[in-house]
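Dumped start.cif below, it's mmCIF, C-alpha atoms and all ligand atoms:
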data_target
loop_
_atom_site.label_atom_id
_atom_site.label_comp_id
_atom_site.auth_asym_id
_atom_site.auth_seq_id
_atom_site.Cartn_x
_atom_site.Cartn_y
_atom_site.Cartn_z
CA MET P 1 65.59 187.57 203.67
CA THR P 2 67.34 187.26 207.01
CA PRO P 3 66.65 184.41 209.43
CA ASN P 4 65.39 187.02 211.88
CA ALA P 5 62.78 188.33 209.44
CA LEU P 6 61.46 184.81 208.95
CA LEU P 7 61.55 184.03 212.66
CA SER P 8 59.52 187.11 213.59
CA THR P 9 56.95 186.26 210.90
CA LEU P 10 56.67 182.70 212.19
CA GLN P 11 56.47 183.76 215.82
CA SER P 12 53.87 186.47 215.29
CA GLN P 13 51.35 184.32 213.40
CA GLN P 14 49.32 181.58 215.06
CA ASN P 15 47.38 179.79 212.29
CA TRP P 16 49.42 178.08 209.61
CA LEU P 17 48.03 176.72 206.38
CA ILE P 18 50.43 174.18 204.89
CA THR P 19 50.14 173.36 201.18
CA THR P 20 52.09 171.36 198.62
CA HIS P 21 51.86 170.44 194.93
CA LYS P 22 49.30 168.33 193.14
CA GLY P 23 50.05 164.62 192.94
CA PRO P 24 52.09 164.84 196.14
CA ASP P 25 55.21 162.64 196.19
CA GLY P 26 57.39 161.58 199.12
CA ASP P 27 59.13 164.95 199.35
CA ALA P 28 55.81 166.81 199.27
CA VAL P 29 54.27 164.66 202.01
CA GLY P 30 57.54 164.54 203.97
CA SER P 31 57.74 168.34 203.83
CA VAL P 32 54.20 168.96 205.04
CA ILE P 33 54.60 166.43 207.86
CA ALA P 34 57.90 167.95 208.95
CA TRP P 35 56.46 171.47 208.81
CA ALA P 36 53.29 170.46 210.68
CA ALA P 37 55.40 168.80 213.38
CA TYR P 38 57.54 171.96 213.51
CA ALA P 39 54.35 174.04 213.87
CA GLN P 40 53.31 171.84 216.79
CA ALA P 41 56.75 172.15 218.37
CA CYS P 42 56.35 175.95 218.11
CA GLY P 43 52.89 175.82 219.70
CA LYS P 44 51.09 176.82 216.48
CA ASP P 45 47.79 175.67 214.99
CA TYR P 46 47.99 174.25 211.50
CA LEU P 47 46.08 172.51 208.73
CA ILE P 48 47.63 170.63 205.83
CA VAL P 49 45.70 171.09 202.57
CA PHE P 50 46.51 168.94 199.54
CA PRO P 51 45.26 169.81 196.03
CA ASP P 52 44.31 166.14 195.60
CA GLN P 53 44.36 162.89 197.52
CA PRO P 54 47.89 161.58 198.19
CA ALA P 55 48.76 158.08 196.93
CA ALA P 56 47.77 155.29 199.33
CA TYR P 57 51.34 154.41 200.33
CA LEU P 58 51.88 157.95 201.63
CA CYS P 59 48.70 158.11 203.72
CA PRO P 60 50.08 156.10 206.69
CA PHE P 61 52.71 158.85 207.12
CA LEU P 62 49.88 161.35 207.62
CA GLU P 63 48.26 159.51 210.50
CA GLY P 64 47.88 161.78 213.50
CA TYR P 65 48.15 164.96 211.42
CA GLN P 66 45.32 167.33 210.54
CA TRP P 67 44.99 167.23 206.79
CA GLU P 68 42.38 167.42 204.07
CA VAL P 69 41.94 167.75 200.33
CA PHE P 70 41.22 171.31 199.11
CA GLN P 71 37.54 172.25 198.91
CA ALA P 72 36.90 175.17 196.58
CA ASP P 73 33.77 176.30 198.43
CA LYS P 74 35.32 176.28 201.90
CA HIS P 75 36.61 179.36 203.71
CA TYR P 76 40.16 178.93 204.99
CA ALA P 77 41.05 181.50 207.64
CA PHE P 78 44.79 181.42 208.29
CA ASP P 79 47.51 183.98 208.99
CA LEU P 80 50.27 182.27 207.04
CA LEU P 81 50.29 180.10 203.94
CA PHE P 82 53.25 177.81 203.33
CA ALA P 83 54.00 176.65 199.80
CA LEU P 84 56.17 173.56 200.20
CA ASP P 85 57.92 171.73 197.36
CA TYR P 86 56.51 173.88 194.56
CA ASN P 87 57.61 177.07 192.87
CA ALA P 88 54.48 178.34 191.07
CA PRO P 89 50.73 178.49 191.75
CA SER P 90 50.10 176.38 188.63
CA ARG P 91 51.76 173.40 190.38
CA VAL P 92 48.79 173.00 192.75
CA GLY P 93 46.47 172.43 189.79
CA GLN P 94 43.70 174.46 188.23
CA GLU P 95 41.20 174.05 191.08
CA MET P 96 43.51 175.48 193.73
CA SER P 97 45.97 177.74 191.87
CA GLY P 98 43.86 180.91 192.10
CA PHE P 99 43.32 180.27 195.80
CA VAL P 100 47.06 180.04 196.44
CA ALA P 101 48.03 182.94 194.17
CA ASN P 102 45.53 185.33 195.77
CA TYR P 103 45.44 184.09 199.35
CA PRO P 104 45.20 187.15 201.60
CA ALA P 105 47.86 186.16 204.14
CA THR P 106 51.63 186.20 204.21
CA LYS P 107 52.85 183.42 201.93
CA VAL P 108 56.12 181.62 202.54
CA MET P 109 57.72 179.34 199.97
CA LEU P 110 60.17 176.62 201.00
CA ASP P 111 61.32 174.82 197.87
CA HIS P 112 64.14 173.47 195.71
CA HIS P 113 62.77 173.82 192.17
CA PRO P 114 64.66 176.26 189.94
CA GLY P 115 62.98 179.49 188.85
CA PRO P 116 60.54 180.26 191.68
CA GLU P 117 57.68 182.55 190.61
CA ALA P 118 57.11 185.69 192.67
CA PHE P 119 53.84 184.85 194.42
CA CYS P 120 55.10 184.61 198.00
CA GLU P 121 56.10 187.42 200.37
CA LEU P 122 58.98 185.25 201.64
CA THR P 123 60.72 182.94 199.18
CA ILE P 124 63.22 180.42 200.49
CA SER P 125 64.46 178.65 197.40
CA HIS P 126 67.55 176.43 197.21
CA PRO P 127 67.66 174.81 193.76
CA LYS P 128 70.83 172.92 194.70
CA ALA P 129 69.18 171.23 197.66
CA CYS P 130 68.35 167.57 197.04
CA SER P 131 64.85 167.85 198.49
CA THR P 132 62.49 170.38 200.00
CA THR P 133 62.94 168.60 203.32
CA GLU P 134 66.63 169.53 203.08
CA VAL P 135 65.56 173.16 202.56
CA ILE P 136 63.32 172.90 205.64
CA TYR P 137 66.11 171.41 207.73
CA LYS P 138 68.57 174.07 206.58
CA THR P 139 66.05 176.81 207.37
CA ILE P 140 65.43 175.45 210.87
CA GLU P 141 69.21 175.31 211.32
CA GLU P 142 69.57 178.94 210.21
CA LEU P 143 66.88 179.90 212.71
CA GLY P 144 69.05 178.33 215.42
CA GLN P 145 66.32 175.79 216.18
CA LEU P 146 67.86 172.40 215.37
CA SER P 147 67.13 171.37 218.95
CA LEU P 148 63.40 171.53 218.13
CA ILE P 149 63.73 168.65 215.69
CA ASN P 150 62.02 165.62 217.17
CA LEU P 151 61.30 162.11 215.92
CA ALA P 152 58.02 163.11 214.23
CA MET P 153 59.77 165.85 212.26
CA ALA P 154 62.65 163.49 211.50
CA LYS P 155 60.29 160.99 209.84
CA GLY P 156 59.01 163.60 207.41
CA LEU P 157 62.44 165.04 206.75
CA TYR P 158 63.87 161.60 206.01
CA LEU P 159 60.94 160.62 203.78
CA GLY P 160 61.70 163.59 201.52
CA LEU P 161 65.44 162.91 201.51
CA LEU P 162 64.99 159.26 200.65
CA THR P 163 62.49 159.67 197.84
CA ASP P 164 63.87 162.79 196.12
CA THR P 165 67.43 161.41 196.01
CA GLY P 166 66.61 157.96 194.60
CA SER P 167 67.76 156.55 197.97
CA PHE P 168 70.78 158.86 198.30
CA ARG P 169 72.21 158.29 194.83
CA PHE P 170 71.50 161.41 192.75
CA PRO P 171 74.20 164.08 192.20
CA SER P 172 72.13 166.47 194.31
CA VAL P 173 73.18 164.51 197.41
CA SER P 174 75.89 166.37 199.32
CA ALA P 175 77.92 165.94 202.48
CA TYR P 176 75.27 168.16 204.09
CA THR P 177 72.55 165.69 203.07
CA HIS P 178 74.37 162.89 204.87
CA GLN P 179 75.07 165.08 207.91
CA MET P 180 71.36 165.83 208.06
CA ALA P 181 70.51 162.12 207.73
CA ALA P 182 73.02 161.32 210.48
CA HIS P 183 71.33 163.82 212.78
CA LEU P 184 67.91 162.31 212.04
CA LEU P 185 69.19 158.80 212.77
CA SER P 186 70.75 160.00 216.00
CA LEU P 187 67.25 160.96 217.16
CA GLY P 188 66.25 157.30 217.01
CA LEU P 189 64.75 157.30 213.54
CA ALA P 190 64.18 153.76 212.21
CA HIS P 191 65.25 154.54 208.64
CA HIS P 192 64.63 150.97 207.42
CA GLU P 193 60.96 151.27 208.43
CA ILE P 194 60.57 154.33 206.20
CA HIS P 195 62.30 152.53 203.35
CA GLU P 196 59.98 149.54 203.72
CA ALA P 197 56.88 151.73 203.98
CA VAL P 198 57.82 153.41 200.70
CA TYR P 199 59.35 150.62 198.64
CA ASP P 200 57.93 147.35 199.99
CA VAL P 201 54.24 148.08 199.56
CA ASN P 202 53.70 146.84 196.01
CA SER P 203 50.45 145.21 195.00
CA VAL P 204 50.78 142.31 192.57
CA THR P 205 48.95 144.28 189.87
CA ARG P 206 51.34 147.19 190.35
CA LEU P 207 54.35 144.95 189.78
CA GLN P 208 52.62 143.35 186.80
CA LEU P 209 51.81 146.75 185.29
CA ARG P 210 55.47 147.74 185.60
CA GLY P 211 56.61 144.41 184.18
CA TYR P 212 54.22 144.81 181.27
CA ALA P 213 55.43 148.35 180.57
CA ILE P 214 59.05 147.19 180.46
CA ALA P 215 58.37 144.01 178.48
CA GLU P 216 55.85 145.32 175.96
CA LYS P 217 55.85 149.12 175.93
CA LEU P 218 59.48 150.18 176.00
CA GLN P 219 60.57 151.83 172.79
CA LEU P 220 64.34 152.16 172.51
CA HIS P 221 66.16 154.79 170.45
CA PRO P 222 69.79 153.67 170.81
CA ALA P 223 71.16 156.38 168.53
CA HIS P 224 69.68 158.95 170.91
CA ARG P 225 70.46 156.92 174.06
CA LEU P 226 66.76 157.41 174.85
CA GLY P 227 63.94 155.11 175.92
CA ILE P 228 60.23 155.95 175.77
CA MET P 229 57.51 154.10 177.65
CA SER P 230 53.81 154.81 177.32
CA LEU P 231 50.66 153.42 178.88
CA SER P 232 47.13 153.99 177.64
CA LYS P 233 44.02 154.33 179.81
CA GLU P 234 42.96 150.88 178.71
CA GLU P 235 46.29 149.34 179.73
CA LEU P 236 46.22 151.08 183.10
CA LYS P 237 42.72 149.78 183.70
CA ARG P 238 43.73 146.24 182.76
CA PHE P 239 46.24 146.26 185.63
CA ALA P 240 43.84 147.91 188.12
CA TYR P 241 45.94 151.10 188.15
CA GLN P 242 46.06 152.98 191.44
CA LYS P 243 47.63 156.39 191.91
CA GLY P 244 51.38 156.03 192.41
CA ASP P 245 51.62 152.69 190.58
CA THR P 246 53.88 154.11 187.85
CA GLU P 247 55.91 156.41 190.08
CA GLY P 248 59.63 156.02 189.43
CA LEU P 249 59.05 153.60 186.57
CA VAL P 250 60.76 156.00 184.16
CA ASN P 251 64.02 155.55 186.08
CA VAL P 252 64.25 151.97 184.82
CA ILE P 253 65.22 153.43 181.43
CA LEU P 254 68.23 155.20 182.93
CA SER P 255 69.43 151.87 184.33
CA ILE P 256 69.93 150.48 180.82
CA GLU P 257 73.62 150.53 179.95
CA GLY P 258 74.43 153.35 177.55
CA TYR P 259 71.12 155.20 178.03
CA ASP P 260 70.95 158.62 179.67
CA ALA P 261 67.41 159.83 178.98
CA GLY P 262 63.98 158.36 179.56
CA VAL P 263 60.42 159.47 178.97
CA PHE P 264 57.33 157.97 180.52
CA MET P 265 53.90 158.90 179.16
CA MET P 266 50.59 158.10 180.75
CA GLU P 267 47.15 158.71 179.28
CA THR P 268 44.65 160.35 181.66
CA GLU P 269 41.10 161.69 181.26
CA GLU P 270 42.48 165.21 180.61
CA GLY P 271 45.38 164.34 178.34
CA VAL P 272 48.84 162.82 178.52
CA LYS P 273 51.12 163.23 181.52
CA PHE P 274 54.87 163.16 180.84
CA SER P 275 57.77 162.27 183.11
CA PHE P 276 61.27 163.07 181.85
CA ARG P 277 64.48 161.80 183.45
CA SER P 278 68.13 162.14 182.49
CA LYS P 279 71.64 161.94 183.90
CA GLY P 280 75.20 163.05 183.25
CA GLN P 281 75.50 165.82 180.68
CA ARG P 282 71.88 165.63 179.63
CA PHE P 283 69.11 167.87 181.00
CA VAL P 284 65.37 167.63 180.44
CA ASN P 285 63.62 170.55 182.14
CA ALA P 286 64.08 173.09 179.32
CA PHE P 287 62.70 170.57 176.81
CA ALA P 288 59.69 169.84 179.03
CA GLN P 289 59.02 173.55 179.41
CA ALA P 290 59.48 174.40 175.74
CA HIS P 291 57.40 171.59 174.24
CA PHE P 292 55.17 170.01 176.87
CA ASN P 293 53.92 172.83 179.04
CA GLY P 294 55.95 171.65 182.03
CA GLY P 295 59.30 171.98 183.72
CA GLY P 296 61.11 170.81 186.84
CA HIS P 297 64.69 169.95 187.64
CA GLN P 298 67.55 169.38 185.20
CA TYR P 299 67.41 165.61 185.67
CA ALA P 300 63.71 165.18 186.54
CA ALA P 301 60.93 167.09 184.89
CA GLY P 302 57.28 166.69 184.03
CA GLY P 303 54.91 167.92 181.40
CA PHE P 304 51.48 167.61 179.87
CA TYR P 305 49.95 167.25 176.42
CA GLU P 306 46.30 167.97 175.72
CA GLY P 307 45.33 165.31 173.20
CA THR P 308 45.53 161.62 172.52
CA LEU P 309 48.39 159.34 173.47
CA SER P 310 49.27 158.66 169.84
CA ALA P 311 49.39 162.39 169.04
CA ALA P 312 51.56 162.99 172.10
CA LEU P 313 53.90 160.21 171.05
CA ALA P 314 54.08 161.56 167.50
CA LYS P 315 54.96 165.02 168.80
CA LEU P 316 57.67 163.60 171.04
CA GLU P 317 59.13 161.52 168.23
CA SER P 318 59.24 164.57 165.95
CA LEU P 319 61.30 166.38 168.59
CA ILE P 320 63.70 163.60 169.55
CA ASP P 321 66.69 165.40 168.06
CA GLN P 322 66.14 168.25 170.51
CA LEU P 323 65.96 166.09 173.61
P1 LIG P 401 57.30 163.57 187.92
O1 LIG P 401 57.84 162.98 186.66
O2 LIG P 401 57.77 162.79 189.12
O3 LIG P 401 55.84 163.80 187.88
O4 LIG P 401 57.94 165.00 188.06
C1 LIG P 401 59.34 165.16 188.05
C2 LIG P 401 59.71 166.55 188.46
O5 LIG P 401 59.20 167.49 187.54
C3 LIG P 401 59.19 166.95 189.83
O6 LIG P 401 60.25 167.58 190.51
C4 LIG P 401 58.10 167.92 189.57
O7 LIG P 401 58.12 168.91 190.53
C5 LIG P 401 58.40 168.48 188.19
N1 LIG P 401 57.18 168.61 187.40
C6 LIG P 401 56.29 167.64 187.09
N2 LIG P 401 55.29 168.12 186.34
C7 LIG P 401 55.55 169.42 186.15
C8 LIG P 401 54.86 170.48 185.46
O8 LIG P 401 53.82 170.31 184.84
N3 LIG P 401 55.43 171.71 185.52
C9 LIG P 401 56.60 171.95 186.19
N4 LIG P 401 57.11 173.18 186.20
N5 LIG P 401 57.26 170.98 186.84
C10 LIG P 401 56.75 169.75 186.84
MN MN P 402 60.94 167.79 195.86
#
Could you rewrite the structure in this file as structure tokens?
Ligand code: 5GP
Ligand code: MN
Amino acid sequence: MTPNALLSTLQSQQNWLITTHKGPDGDAVGSVIAWAAYAQACGKDYLIVFPDQPAAYLCPFLEGYQWEVFQADKHYAFDLLFALDYNAPSRVGQEMSGFVANYPATKVMLDHHPGPEAFCELTISHPKACSTTEVIYKTIEELGQLSLINLAMAKGLYLGLLTDTGSFRFPSVSAYTHQMAAHLLSLGLAHHEIHEAVYDVNSVTRLQLRGYAIAEKLQLHPAHRLGIMSLSKEELKRFAYQKGDTEGLVNVILSIEGYDAGVFMMETEEGVKFSFRSKGQRFVNAFAQAHFNGGGHQYAAGGFYEGTLSAALAKLESLIDQL
């Protein structure tokens, strides 16, 4: 697709519906903010629709934007649907996936997950990009519109960069990433404020939950250079679990010397949610897809198991040789 084809689609349609994946993370929220601010800069009307409520620490970023959680019985009349930071309708969750897949408007994907499914009329997919906000920035650059980027857009773009790169440390970070960050800072962006808003908002129970998981629930498999952490519903309740409290916890495993793979498992009402992380020569997305109904990036993937935590753990342990 040429930049001109995208530009004429954007220019000819007034009402933009902006969506992202379930359990929105910093890149998801950063992307929708950046795209909503871009819509405003282009004189468009927009609404951000999330499949579920974003974690509390991300909500301050949404102040001043029009957003809501998807309502299955509501009629959404828009000319364009944007799918940001996801590559398949299933990623918005069961409630909303049919809505997205069949939405009777032009659909535009902006994303960086490998293997985009063909549900959008326009698919802008850069699996090498470190974040979807980098894809958005690159797209705006290709449209010759970098001058439209303002401070509001910069905040969203930086939020995605920061959180999807582990604070600019993952291999996905490129010279382009830093050039983009430099541009955002040159607009007056207070990058330290974004860092503090994301990383310095712990509750005491959140820290204690993480401490407990590391101290009591970390199972090490040195021969496989793998660590597994799991938390039951009861344990989560004991530490007054709030959405987002375990985000990034799995990365602690990769910080252990000599370990290059980590799995975090969390029991929910529906089943067990998996987070896989790896580094170096080790990849986890194919394993997540093959065995736990999931997928994602080479170094960061997710999955799900319908059943109890102990059954999920047993299945994982039986497959350790393949991970
Ligand atoms: P997290 O562990 O943070 O939930 O997810 C890590 C990465 O895996 C994210 O990039 C996310 O997009 C992807 N991911 C998480 N869950 C799933 C899933 O069920 N299916 C697919 N395809 N990707 C997932
Ligand atoms: Mn992302």
- Item | Long-range neighbours of Ile149 of chain P as number ranges by chain, 10 Å cut-off, only C-alpha atoms, 3 positions minimum in chain | P: 34, 37-38, 41, 137, 140-141, 145-146, 152-154, 157, 183-184, 187
Can you pull out every residue with an atom within 6 Å of ligand LIG 401 (chain P)? Use only C-alpha atoms and all ligand atoms and format it as a compact mmCIF listing (two decimals) with C-alpha atoms, keeping the file's coordinate frame.
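This is the output file pocket07.txt:
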# COMPACT_ATOMS: atom_id res chain seq x y z
CA SER P 275 57.77 162.27 183.11
CA PHE P 276 61.27 163.07 181.85
CA GLY P 294 55.95 171.65 182.03
CA GLY P 295 59.30 171.98 183.72
CA GLY P 296 61.11 170.81 186.84
CA HIS P 297 64.69 169.95 187.64
CA ALA P 300 63.71 165.18 186.54
CA ALA P 301 60.93 167.09 184.89
CA GLY P 302 57.28 166.69 184.03
CA GLY P 303 54.91 167.92 181.40
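Taking only C-alpha atoms and all ligand atoms into account, the residues that come within 8 Å of ligand MN 402 (chain P) are Asp25, Gly26, Asp27, Ala28, Asp85, Tyr86, Asp111, His112, His113, Cys130, Ser131, Thr132, Thr133, Gly160 and Asp164 of chain P.
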- Of the candidates P:Glu142, P:Thr20, P:Leu185, P:Arg206, which one gets nearest to Lys243 of chain P if we count only C-alpha atoms? P:Arg206
- Could you jot down the atom CA of Leu209 of chain P to atom CA of Glu267 of chain P separation for me, Å, one decimal place?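 Taking atom CA of Leu209 of chain P as the start and atom CA of Glu267 of chain P as the end point, the length is 14.2 Å.
Using all atoms listed in the file for every distance, the candidate list P:Asn87, P:Val29, P:Lys155, P:Asn15 yields P:Val29 as the residue closest to Cys59 of chain P.
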Box in all listed atoms of segment 13-17 of chain P, axis-aligned, with 3 Å more on each side; write out centre and edge lengths in Å to one decimal as lines of an AutoDock Vina configuration file.
center_x = 49.4
center_y = 180.5
center_z = 210.7
size_x = 10.0
size_y = 13.6
size_z = 14.7
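Omitting Ile18 of chain P and its sequence neighbours fewer than 5 positions away, and counting only C-alpha atoms, the residues within 9 Å are P:Val32, P:Trp35, P:Ala36, P:Tyr46, P:Leu47, P:Ile48, P:Val49, P:Phe50, P:Leu80, P:Leu81, P:Phe82, P:Ala83, P:Leu84.
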